[in-house]
$ cat upload17.cif   # mmCIF, C-alpha atoms
data_entry
#
loop_
_atom_site.group_PDB
_atom_site.id
_atom_site.type_symbol
_atom_site.label_atom_id
_atom_site.label_comp_id
_atom_site.auth_asym_id
_atom_site.auth_seq_id
_atom_site.Cartn_x
_atom_site.Cartn_y
_atom_site.Cartn_z
ATOM 1 C CA MET A 25 -5.581 146.762 21.066
ATOM 2 C CA HIS A 26 -7.687 143.598 21.115
ATOM 3 C CA ARG A 27 -9.294 144.546 17.796
ATOM 4 C CA ILE A 28 -5.959 145.200 16.096
ATOM 5 C CA LEU A 29 -4.542 141.840 17.210
ATOM 6 C CA CYS A 30 -7.721 140.060 16.103
ATOM 7 C CA VAL A 31 -7.675 141.573 12.616
ATOM 8 C CA ALA A 32 -3.984 140.848 12.076
ATOM 9 C CA ALA A 33 -4.262 137.271 13.292
ATOM 10 C CA LEU A 34 -7.440 136.699 11.267
ATOM 11 C CA LEU A 35 -5.669 137.651 8.039
ATOM 12 C CA LEU A 36 -3.097 134.941 8.708
ATOM 13 C CA ILE A 37 -5.402 132.243 10.034
ATOM 14 C CA ALA A 38 -7.790 132.719 7.094
ATOM 15 C CA SER A 39 -4.983 131.623 4.780
ATOM 16 C CA PRO A 40 -5.449 128.277 2.977
ATOM 17 C CA ALA A 41 -2.398 127.101 4.908
ATOM 18 C CA PHE A 42 -4.577 126.639 7.960
ATOM 19 C CA ALA A 43 -7.283 124.013 7.591
ATOM 20 C CA GLN A 44 -8.630 123.990 11.133
ATOM 21 C CA PRO A 45 -11.040 126.842 11.940
ATOM 22 C CA VAL A 46 -9.970 129.091 14.798
ATOM 23 C CA ASP A 47 -12.207 131.426 16.773
ATOM 24 C CA VAL A 48 -9.836 134.375 16.521
ATOM 25 C CA PRO A 49 -11.506 136.802 19.001
ATOM 26 C CA ASP A 50 -11.778 134.004 21.560
ATOM 27 C CA TYR A 51 -8.161 132.926 21.066
ATOM 28 C CA VAL A 52 -6.847 136.485 21.393
ATOM 29 C CA ARG A 53 -9.008 137.059 24.464
ATOM 30 C CA ARG A 54 -7.621 133.960 26.185
ATOM 31 C CA HIS A 55 -3.980 134.622 25.260
ATOM 32 C CA GLN A 56 -3.885 138.389 25.131
ATOM 33 C CA SER A 57 -1.506 138.871 28.044
ATOM 34 C CA GLU A 58 1.281 136.701 26.607
ATOM 35 C CA ILE A 59 0.776 138.143 23.106
ATOM 36 C CA VAL A 60 1.136 141.710 24.352
ATOM 37 C CA ARG A 61 4.093 140.959 26.601
ATOM 38 C CA GLU A 62 5.977 139.217 23.804
ATOM 39 C CA LEU A 63 5.337 142.199 21.515
ATOM 40 C CA LEU A 64 6.637 144.566 24.199
ATOM 41 C CA GLU A 65 9.816 142.513 24.514
ATOM 42 C CA LEU A 66 10.342 142.698 20.755
ATOM 43 C CA VAL A 67 9.772 146.441 20.382
ATOM 44 C CA ALA A 68 12.117 147.161 23.300
ATOM 45 C CA ILE A 69 15.144 146.333 21.122
ATOM 46 C CA PRO A 70 16.382 149.280 19.002
ATOM 47 C CA ASN A 71 16.132 148.397 15.329
ATOM 48 C CA HIS A 72 17.863 150.905 13.068
ATOM 49 C CA ARG A 73 19.983 149.024 10.528
ATOM 50 C CA ASP A 74 23.112 151.036 11.330
ATOM 51 C CA ASP A 75 22.975 149.854 14.948
ATOM 52 C CA LEU A 76 24.369 146.420 14.130
ATOM 53 C CA PRO A 77 24.687 145.046 17.695
ATOM 54 C CA ASN A 78 21.001 145.697 18.353
ATOM 55 C CA ILE A 79 19.956 144.550 14.892
ATOM 56 C CA LYS A 80 21.654 141.236 15.707
ATOM 57 C CA ARG A 81 19.800 141.144 19.031
ATOM 58 C CA ASN A 82 16.557 141.532 17.076
ATOM 59 C CA ALA A 83 17.543 138.742 14.730
ATOM 60 C CA GLU A 84 18.374 136.353 17.572
ATOM 61 C CA LEU A 85 15.112 137.056 19.394
ATOM 62 C CA LEU A 86 13.166 136.518 16.168
ATOM 63 C CA ARG A 87 14.999 133.243 15.593
ATOM 64 C CA GLN A 88 13.949 132.102 19.052
ATOM 65 C CA MET A 89 10.355 133.199 18.473
ATOM 66 C CA LEU A 90 10.137 131.149 15.272
ATOM 67 C CA GLU A 91 11.809 128.154 16.896
ATOM 68 C CA ARG A 92 9.262 128.156 19.709
ATOM 69 C CA ARG A 93 6.545 127.800 17.046
ATOM 70 C CA GLY A 94 8.045 124.623 15.620
ATOM 71 C CA MET A 95 9.567 126.360 12.614
ATOM 72 C CA LYS A 96 13.102 125.687 11.426
ATOM 73 C CA PRO A 97 14.767 129.105 11.689
ATOM 74 C CA GLU A 98 18.083 130.328 10.347
ATOM 75 C CA VAL A 99 19.883 133.644 10.571
ATOM 76 C CA TRP A 100 21.484 134.543 7.253
ATOM 77 C CA GLU A 101 24.394 136.875 7.772
ATOM 78 C CA THR A 102 24.949 139.614 5.207
ATOM 79 C CA PRO A 103 27.509 142.462 5.097
ATOM 80 C CA THR A 104 24.893 144.566 6.874
ATOM 81 C CA ALA A 105 21.712 143.438 8.664
ATOM 82 C CA PRO A 106 20.958 139.723 9.106
ATOM 83 C CA VAL A 107 17.988 138.124 7.404
ATOM 84 C CA VAL A 108 15.955 135.743 9.552
ATOM 85 C CA TYR A 109 14.423 132.881 7.617
ATOM 86 C CA GLY A 110 12.052 130.236 8.939
ATOM 87 C CA GLU A 111 10.140 127.344 7.460
ATOM 88 C CA ARG A 112 7.660 124.687 8.463
ATOM 89 C CA LEU A 113 7.437 121.992 5.803
ATOM 90 C CA VAL A 114 4.415 119.711 5.686
ATOM 91 C CA PRO A 115 4.680 116.263 4.041
ATOM 92 C CA GLY A 116 2.354 116.093 1.050
ATOM 93 C CA ALA A 117 1.735 119.843 0.958
ATOM 94 C CA THR A 118 0.560 121.105 -2.429
ATOM 95 C CA ARG A 119 1.617 124.715 -2.016
ATOM 96 C CA THR A 120 4.076 126.952 -0.217
ATOM 97 C CA ILE A 121 2.996 130.234 1.347
ATOM 98 C CA LEU A 122 5.749 132.791 1.832
ATOM 99 C CA PHE A 123 5.452 135.687 4.274
ATOM 100 C CA TYR A 124 7.698 138.744 4.137
ATOM 101 C CA ILE A 125 7.947 141.182 7.055
ATOM 102 C CA HIS A 126 10.713 143.608 7.971
ATOM 103 C CA TYR A 127 11.966 144.106 11.504
ATOM 104 C CA ASP A 128 14.042 147.268 11.098
ATOM 105 C CA GLY A 129 12.817 150.822 11.520
ATOM 106 C CA GLN A 130 13.747 154.299 10.372
ATOM 107 C CA PRO A 131 16.105 156.511 12.397
ATOM 108 C CA VAL A 132 14.546 157.843 15.585
ATOM 109 C CA ASP A 133 14.555 161.386 16.918
ATOM 110 C CA LYS A 134 14.152 160.591 20.600
ATOM 111 C CA GLY A 135 13.466 164.233 21.379
ATOM 112 C CA ALA A 136 10.319 164.091 19.277
ATOM 113 C CA TRP A 137 8.816 161.356 21.458
ATOM 114 C CA LYS A 138 6.715 162.284 24.468
ATOM 115 C CA GLN A 139 8.318 159.580 26.572
ATOM 116 C CA ASP A 140 11.809 158.966 27.878
ATOM 117 C CA ASP A 141 12.787 156.459 25.226
ATOM 118 C CA PRO A 142 10.871 155.139 22.183
ATOM 119 C CA PHE A 143 12.413 151.732 22.878
ATOM 120 C CA LYS A 144 10.948 151.596 26.375
ATOM 121 C CA PRO A 145 7.384 150.734 25.368
ATOM 122 C CA ILE A 146 4.543 152.427 27.191
ATOM 123 C CA VAL A 147 0.976 151.137 27.275
ATOM 124 C CA ARG A 148 -1.684 153.802 27.694
ATOM 125 C CA ALA A 149 -5.367 153.356 28.467
ATOM 126 C CA GLY A 150 -6.200 155.450 25.406
ATOM 127 C CA SER A 151 -4.512 157.831 23.025
ATOM 128 C CA LEU A 152 -1.624 160.123 23.877
ATOM 129 C CA GLU A 153 -3.582 163.017 22.336
ATOM 130 C CA GLU A 154 -6.257 162.452 24.956
ATOM 131 C CA SER A 155 -3.616 162.380 27.720
ATOM 132 C CA ALA A 156 -4.630 158.834 28.570
ATOM 133 C CA ALA A 157 -3.095 157.370 31.715
ATOM 134 C CA ILE A 158 -0.090 155.061 31.536
ATOM 135 C CA VAL A 159 -0.961 151.466 32.377
ATOM 136 C CA THR A 160 1.309 150.336 35.199
ATOM 137 C CA ASP A 161 0.194 146.721 35.654
ATOM 138 C CA VAL A 162 1.164 145.431 32.201
ATOM 139 C CA THR A 163 3.134 142.474 33.586
ATOM 140 C CA THR A 164 0.205 141.135 35.629
ATOM 141 C CA ARG A 165 -2.799 142.293 33.591
ATOM 142 C CA GLU A 166 -4.794 139.587 31.794
ATOM 143 C CA SER A 167 -6.742 141.757 29.348
ATOM 144 C CA PHE A 168 -6.141 144.891 27.290
ATOM 145 C CA PRO A 169 -9.286 146.731 26.133
ATOM 146 C CA ASP A 170 -9.619 148.071 22.598
ATOM 147 C CA SER A 171 -8.920 151.580 23.832
ATOM 148 C CA PHE A 172 -5.415 150.669 25.028
ATOM 149 C CA ARG A 173 -2.431 151.738 22.901
ATOM 150 C CA VAL A 174 1.214 150.655 22.759
ATOM 151 C CA TYR A 175 3.638 153.534 22.243
ATOM 152 C CA ALA A 176 7.034 152.300 21.026
ATOM 153 C CA ARG A 177 9.118 152.503 17.880
ATOM 154 C CA SER A 178 7.981 149.968 15.260
ATOM 155 C CA ALA A 179 5.082 148.718 17.379
ATOM 156 C CA GLY A 180 2.933 148.923 14.251
ATOM 157 C CA ASP A 181 5.423 149.112 11.389
ATOM 158 C CA ASP A 182 6.487 146.417 11.321
ATOM 159 C CA LYS A 183 6.902 144.389 14.480
ATOM 160 C CA GLY A 184 3.162 144.171 15.123
ATOM 161 C CA PRO A 185 2.657 141.953 12.051
ATOM 162 C CA ILE A 186 5.545 139.721 13.199
ATOM 163 C CA GLN A 187 3.728 139.201 16.473
ATOM 164 C CA ALA A 188 0.507 138.515 14.577
ATOM 165 C CA PHE A 189 2.283 135.846 12.529
ATOM 166 C CA VAL A 190 3.758 133.954 15.480
ATOM 167 C CA SER A 191 0.476 134.265 17.389
ATOM 168 C CA ALA A 192 -1.359 132.757 14.426
ATOM 169 C CA MET A 193 1.105 129.860 14.439
ATOM 170 C CA ASP A 194 0.327 129.407 18.136
ATOM 171 C CA ALA A 195 -3.404 129.489 17.452
ATOM 172 C CA ILE A 196 -3.220 126.578 15.027
ATOM 173 C CA GLY A 197 -0.879 124.653 17.277
ATOM 174 C CA GLY A 198 1.990 125.051 14.847
ATOM 175 C CA LYS A 199 0.335 122.559 12.476
ATOM 176 C CA PRO A 200 -0.273 124.162 9.081
ATOM 177 C CA THR A 201 -1.659 122.096 6.222
ATOM 178 C CA GLN A 202 0.672 123.724 3.676
ATOM 179 C CA ASN A 203 4.339 124.699 3.733
ATOM 180 C CA ILE A 204 4.936 127.962 5.577
ATOM 181 C CA LYS A 205 8.056 130.053 4.985
ATOM 182 C CA ILE A 206 8.863 133.500 6.309
ATOM 183 C CA ILE A 207 11.536 136.092 5.585
ATOM 184 C CA LEU A 208 12.216 138.726 8.243
ATOM 185 C CA HIS A 209 14.252 141.466 6.589
ATOM 186 C CA GLY A 210 16.530 143.740 8.602
ATOM 187 C CA GLU A 211 16.981 146.687 6.269
ATOM 188 C CA GLU A 212 13.775 147.395 4.413
ATOM 189 C CA GLU A 213 13.383 150.766 6.099
ATOM 190 C CA GLY A 214 17.114 151.461 6.031
ATOM 191 C CA GLY A 215 17.456 151.032 2.281
ATOM 192 C CA GLY A 216 20.359 148.627 2.529
ATOM 193 C CA PRO A 217 22.349 147.146 -0.358
ATOM 194 C CA CYS A 218 20.571 143.780 -0.425
ATOM 195 C CA ARG A 219 18.745 142.901 -3.627
ATOM 196 C CA TRP A 220 16.654 139.834 -4.328
ATOM 197 C CA THR A 221 17.486 137.094 -6.765
ATOM 198 C CA SER A 222 15.766 133.863 -7.766
ATOM 199 C CA SER A 223 16.415 130.925 -5.464
ATOM 200 C CA SER A 224 14.752 127.530 -5.258
ATOM 201 C CA ARG A 225 15.795 127.457 -1.588
ATOM 202 C CA ILE A 226 12.712 129.491 -0.743
ATOM 203 C CA THR A 227 10.299 128.632 -3.543
ATOM 204 C CA PRO A 228 10.817 128.232 -7.291
ATOM 205 C CA THR A 229 9.141 131.583 -7.906
ATOM 206 C CA HIS A 230 10.385 133.661 -4.986
ATOM 207 C CA SER A 231 13.657 135.274 -4.081
ATOM 208 C CA ALA A 232 16.574 135.240 -1.675
ATOM 209 C CA PRO A 233 18.745 138.149 -0.570
ATOM 210 C CA MET A 234 22.045 138.830 -2.265
ATOM 211 C CA CYS A 235 24.345 141.605 -1.081
#
$ encode --input "upload17.cif" --output "structure tokens"
Amino acid sequence: MHRILCVAALLLIASPAFAQPVDVPDYVRRHQSEIVRELLELVAIPNHRDDLPNIKRNAELLRQMLERRGMKPEVWETPTAPVVYGERLVPGATRTILFYIHYDGQPVDKGAWKQDDPFKPIVRAGSLEESAAIVTDVTTRESFPDSFRVYARSAGDDKGPIQAFVSAMDAIGGKPTQNIKIILHGEEEGGGPCRWTSSSRITPTHSAPMC
């Protein structure tokens, strides 16, 4: 688990948006408990686009997560799933870096999961195939070895990268050297009706959702 978080955060922190070097393994090691617990909170919310009440719960939590990182977040309502948009503008910035991540997931067959509920995340001390033990001290544990695994719907695709993004913003103290904008899409997996059209609101060369 530590290795996965390191790699994901490194990809973000290595961006030209971040001028100050960050020791990624050291940062993840020192903040691993809060990173994992925030991810578990996020994956605990069901996220199929047809479940609108829970999709809106996802959107509100994501808005709060971006706000805590000093970004200016907005929830854009659509006829279906909300889009969460956030930005951190830097005076004098010469470029804008846009991130796109989706927060919805495909329909879930709960009976196919070897746990009571795919939206009640379980941390194991290894792989399910190896019958690894369930970790019961997640709320008090300070470290999570590489062998540990999170079993929950969308833990990897695609809420893990969302957690990597906000953790990278934490690692740089929320002070990028270039403009940072992010779109969190609520119906990429669900194949919703939203299409993308040119909009200078995001960047002159990127797009905004139209439904």
$ resolve_selection --input "upload17.cif" --expression "the PyMOL selection byres ((chain A and resi 91-102) around 9)" --output "ChimeraX atom specification"
/A:83-84,86-90,103-113,190-191,193-194,197-199,204-205,218,233-235
$ residues_around --input "upload17.cif" --residues "A:Ser167" --least-positions-apart "4" --cutoff "12 Å" --atoms "all atoms listed in the file" --output "NGL selection string"
:A and (25-26 or 52-61 or 149 or 159 or 161-163 or 171-172)
$ residues_around --input "upload17.cif" --residues "A:Pro145" --least-positions-apart "2" --cutoff "12 Å" --atoms "all atoms listed in the file" --output "PyMOL selection string"
chain A and resi 60-70+137-143+147-148+158-160+162+173-179
$ atom_distance --input "upload17.cif" --atom1 "atom CA of A:Asp170" --atom2 "atom CA of A:Phe189"
19.8 Å
$ closest_residue --input "upload17.cif" --among "A:Gly214, A:Ser155, A:Tyr127, A:Lys144" --to "A:Asn82" --atoms "all atoms listed in the file"
A:Tyr127
$ residues_near_point --input "upload17.cif" --point "(10.9, 150.2, 4.1)" --cutoff "9 Å" --atoms "all atoms listed in the file" --output "ChimeraX atom specification"
/A:126,128-130,211-215
$ atom_distance --input "upload17.cif" --atom1 "atom CA of A:Val114" --atom2 "atom CA of A:Ile207"
17.9 Å
$ atom_distance --input "upload17.cif" --atom1 "atom CA of A:Tyr124" --atom2 "atom CA of A:Arg81"
19.3 Å
$ closest_residue --input "upload17.cif" --among "A:Ala156, A:Pro131, A:Val48, A:Pro115" --to "A:Asp75" --atoms "only C-alpha atoms"
A:Pro131
$ build_atoms --input "upload17.cif" --residues "stretch 159-173 of chain A" --atoms "N, CA, C and O atoms" --output "short mmCIF file (atom, residue, chain, number, x, y, z; two decimals), keeping the file's coordinate frame"
data_model
loop_
_atom_site.label_atom_id
_atom_site.label_comp_id
_atom_site.auth_asym_id
_atom_site.auth_seq_id
_atom_site.Cartn_x
_atom_site.Cartn_y
_atom_site.Cartn_z
N VAL A 159 -0.56 152.71 31.70
CA VAL A 159 -0.96 151.47 32.38
C VAL A 159 0.26 150.92 33.11
O VAL A 159 1.29 150.65 32.49
N THR A 160 0.15 150.74 34.39
CA THR A 160 1.31 150.34 35.20
C THR A 160 1.33 148.86 35.57
O THR A 160 2.31 148.37 36.12
N ASP A 161 0.26 148.14 35.26
CA ASP A 161 0.19 146.72 35.65
C ASP A 161 0.27 145.80 34.44
O ASP A 161 -0.34 144.73 34.41
N VAL A 162 1.08 146.20 33.45
CA VAL A 162 1.16 145.43 32.20
C VAL A 162 1.62 144.00 32.46
O VAL A 162 1.13 143.05 31.84
N THR A 163 2.56 143.81 33.37
CA THR A 163 3.13 142.47 33.59
C THR A 163 2.18 141.51 34.27
O THR A 163 2.36 140.29 34.19
N THR A 164 1.15 142.01 34.92
CA THR A 164 0.20 141.14 35.63
C THR A 164 -1.19 141.17 35.03
O THR A 164 -2.02 140.30 35.33
N ARG A 165 -1.47 142.13 34.17
CA ARG A 165 -2.80 142.29 33.59
C ARG A 165 -3.12 141.14 32.65
O ARG A 165 -2.27 140.68 31.89
N GLU A 166 -4.37 140.69 32.65
CA GLU A 166 -4.79 139.59 31.79
C GLU A 166 -5.53 140.05 30.54
O GLU A 166 -5.67 139.28 29.59
N SER A 167 -6.01 141.29 30.52
CA SER A 167 -6.74 141.76 29.35
C SER A 167 -6.36 143.20 29.04
O SER A 167 -5.97 143.96 29.94
N PHE A 168 -6.49 143.55 27.77
CA PHE A 168 -6.14 144.89 27.29
C PHE A 168 -7.29 145.37 26.40
O PHE A 168 -7.43 144.91 25.27
N PRO A 169 -8.13 146.26 26.91
CA PRO A 169 -9.29 146.73 26.13
C PRO A 169 -8.88 147.37 24.81
O PRO A 169 -7.73 147.77 24.61
N ASP A 170 -9.86 147.49 23.92
CA ASP A 170 -9.62 148.07 22.60
C ASP A 170 -9.05 149.48 22.67
O ASP A 170 -8.33 149.92 21.77
N SER A 171 -9.37 150.19 23.72
CA SER A 171 -8.92 151.58 23.83
C SER A 171 -7.43 151.69 24.15
O SER A 171 -6.83 152.75 23.95
N PHE A 172 -6.81 150.61 24.63
CA PHE A 172 -5.42 150.67 25.03
C PHE A 172 -4.51 150.82 23.80
O PHE A 172 -4.82 150.32 22.72
N ARG A 173 -3.39 151.50 23.98
CA ARG A 173 -2.43 151.74 22.90
C ARG A 173 -1.01 151.45 23.38
O ARG A 173 -0.66 151.76 24.52
#
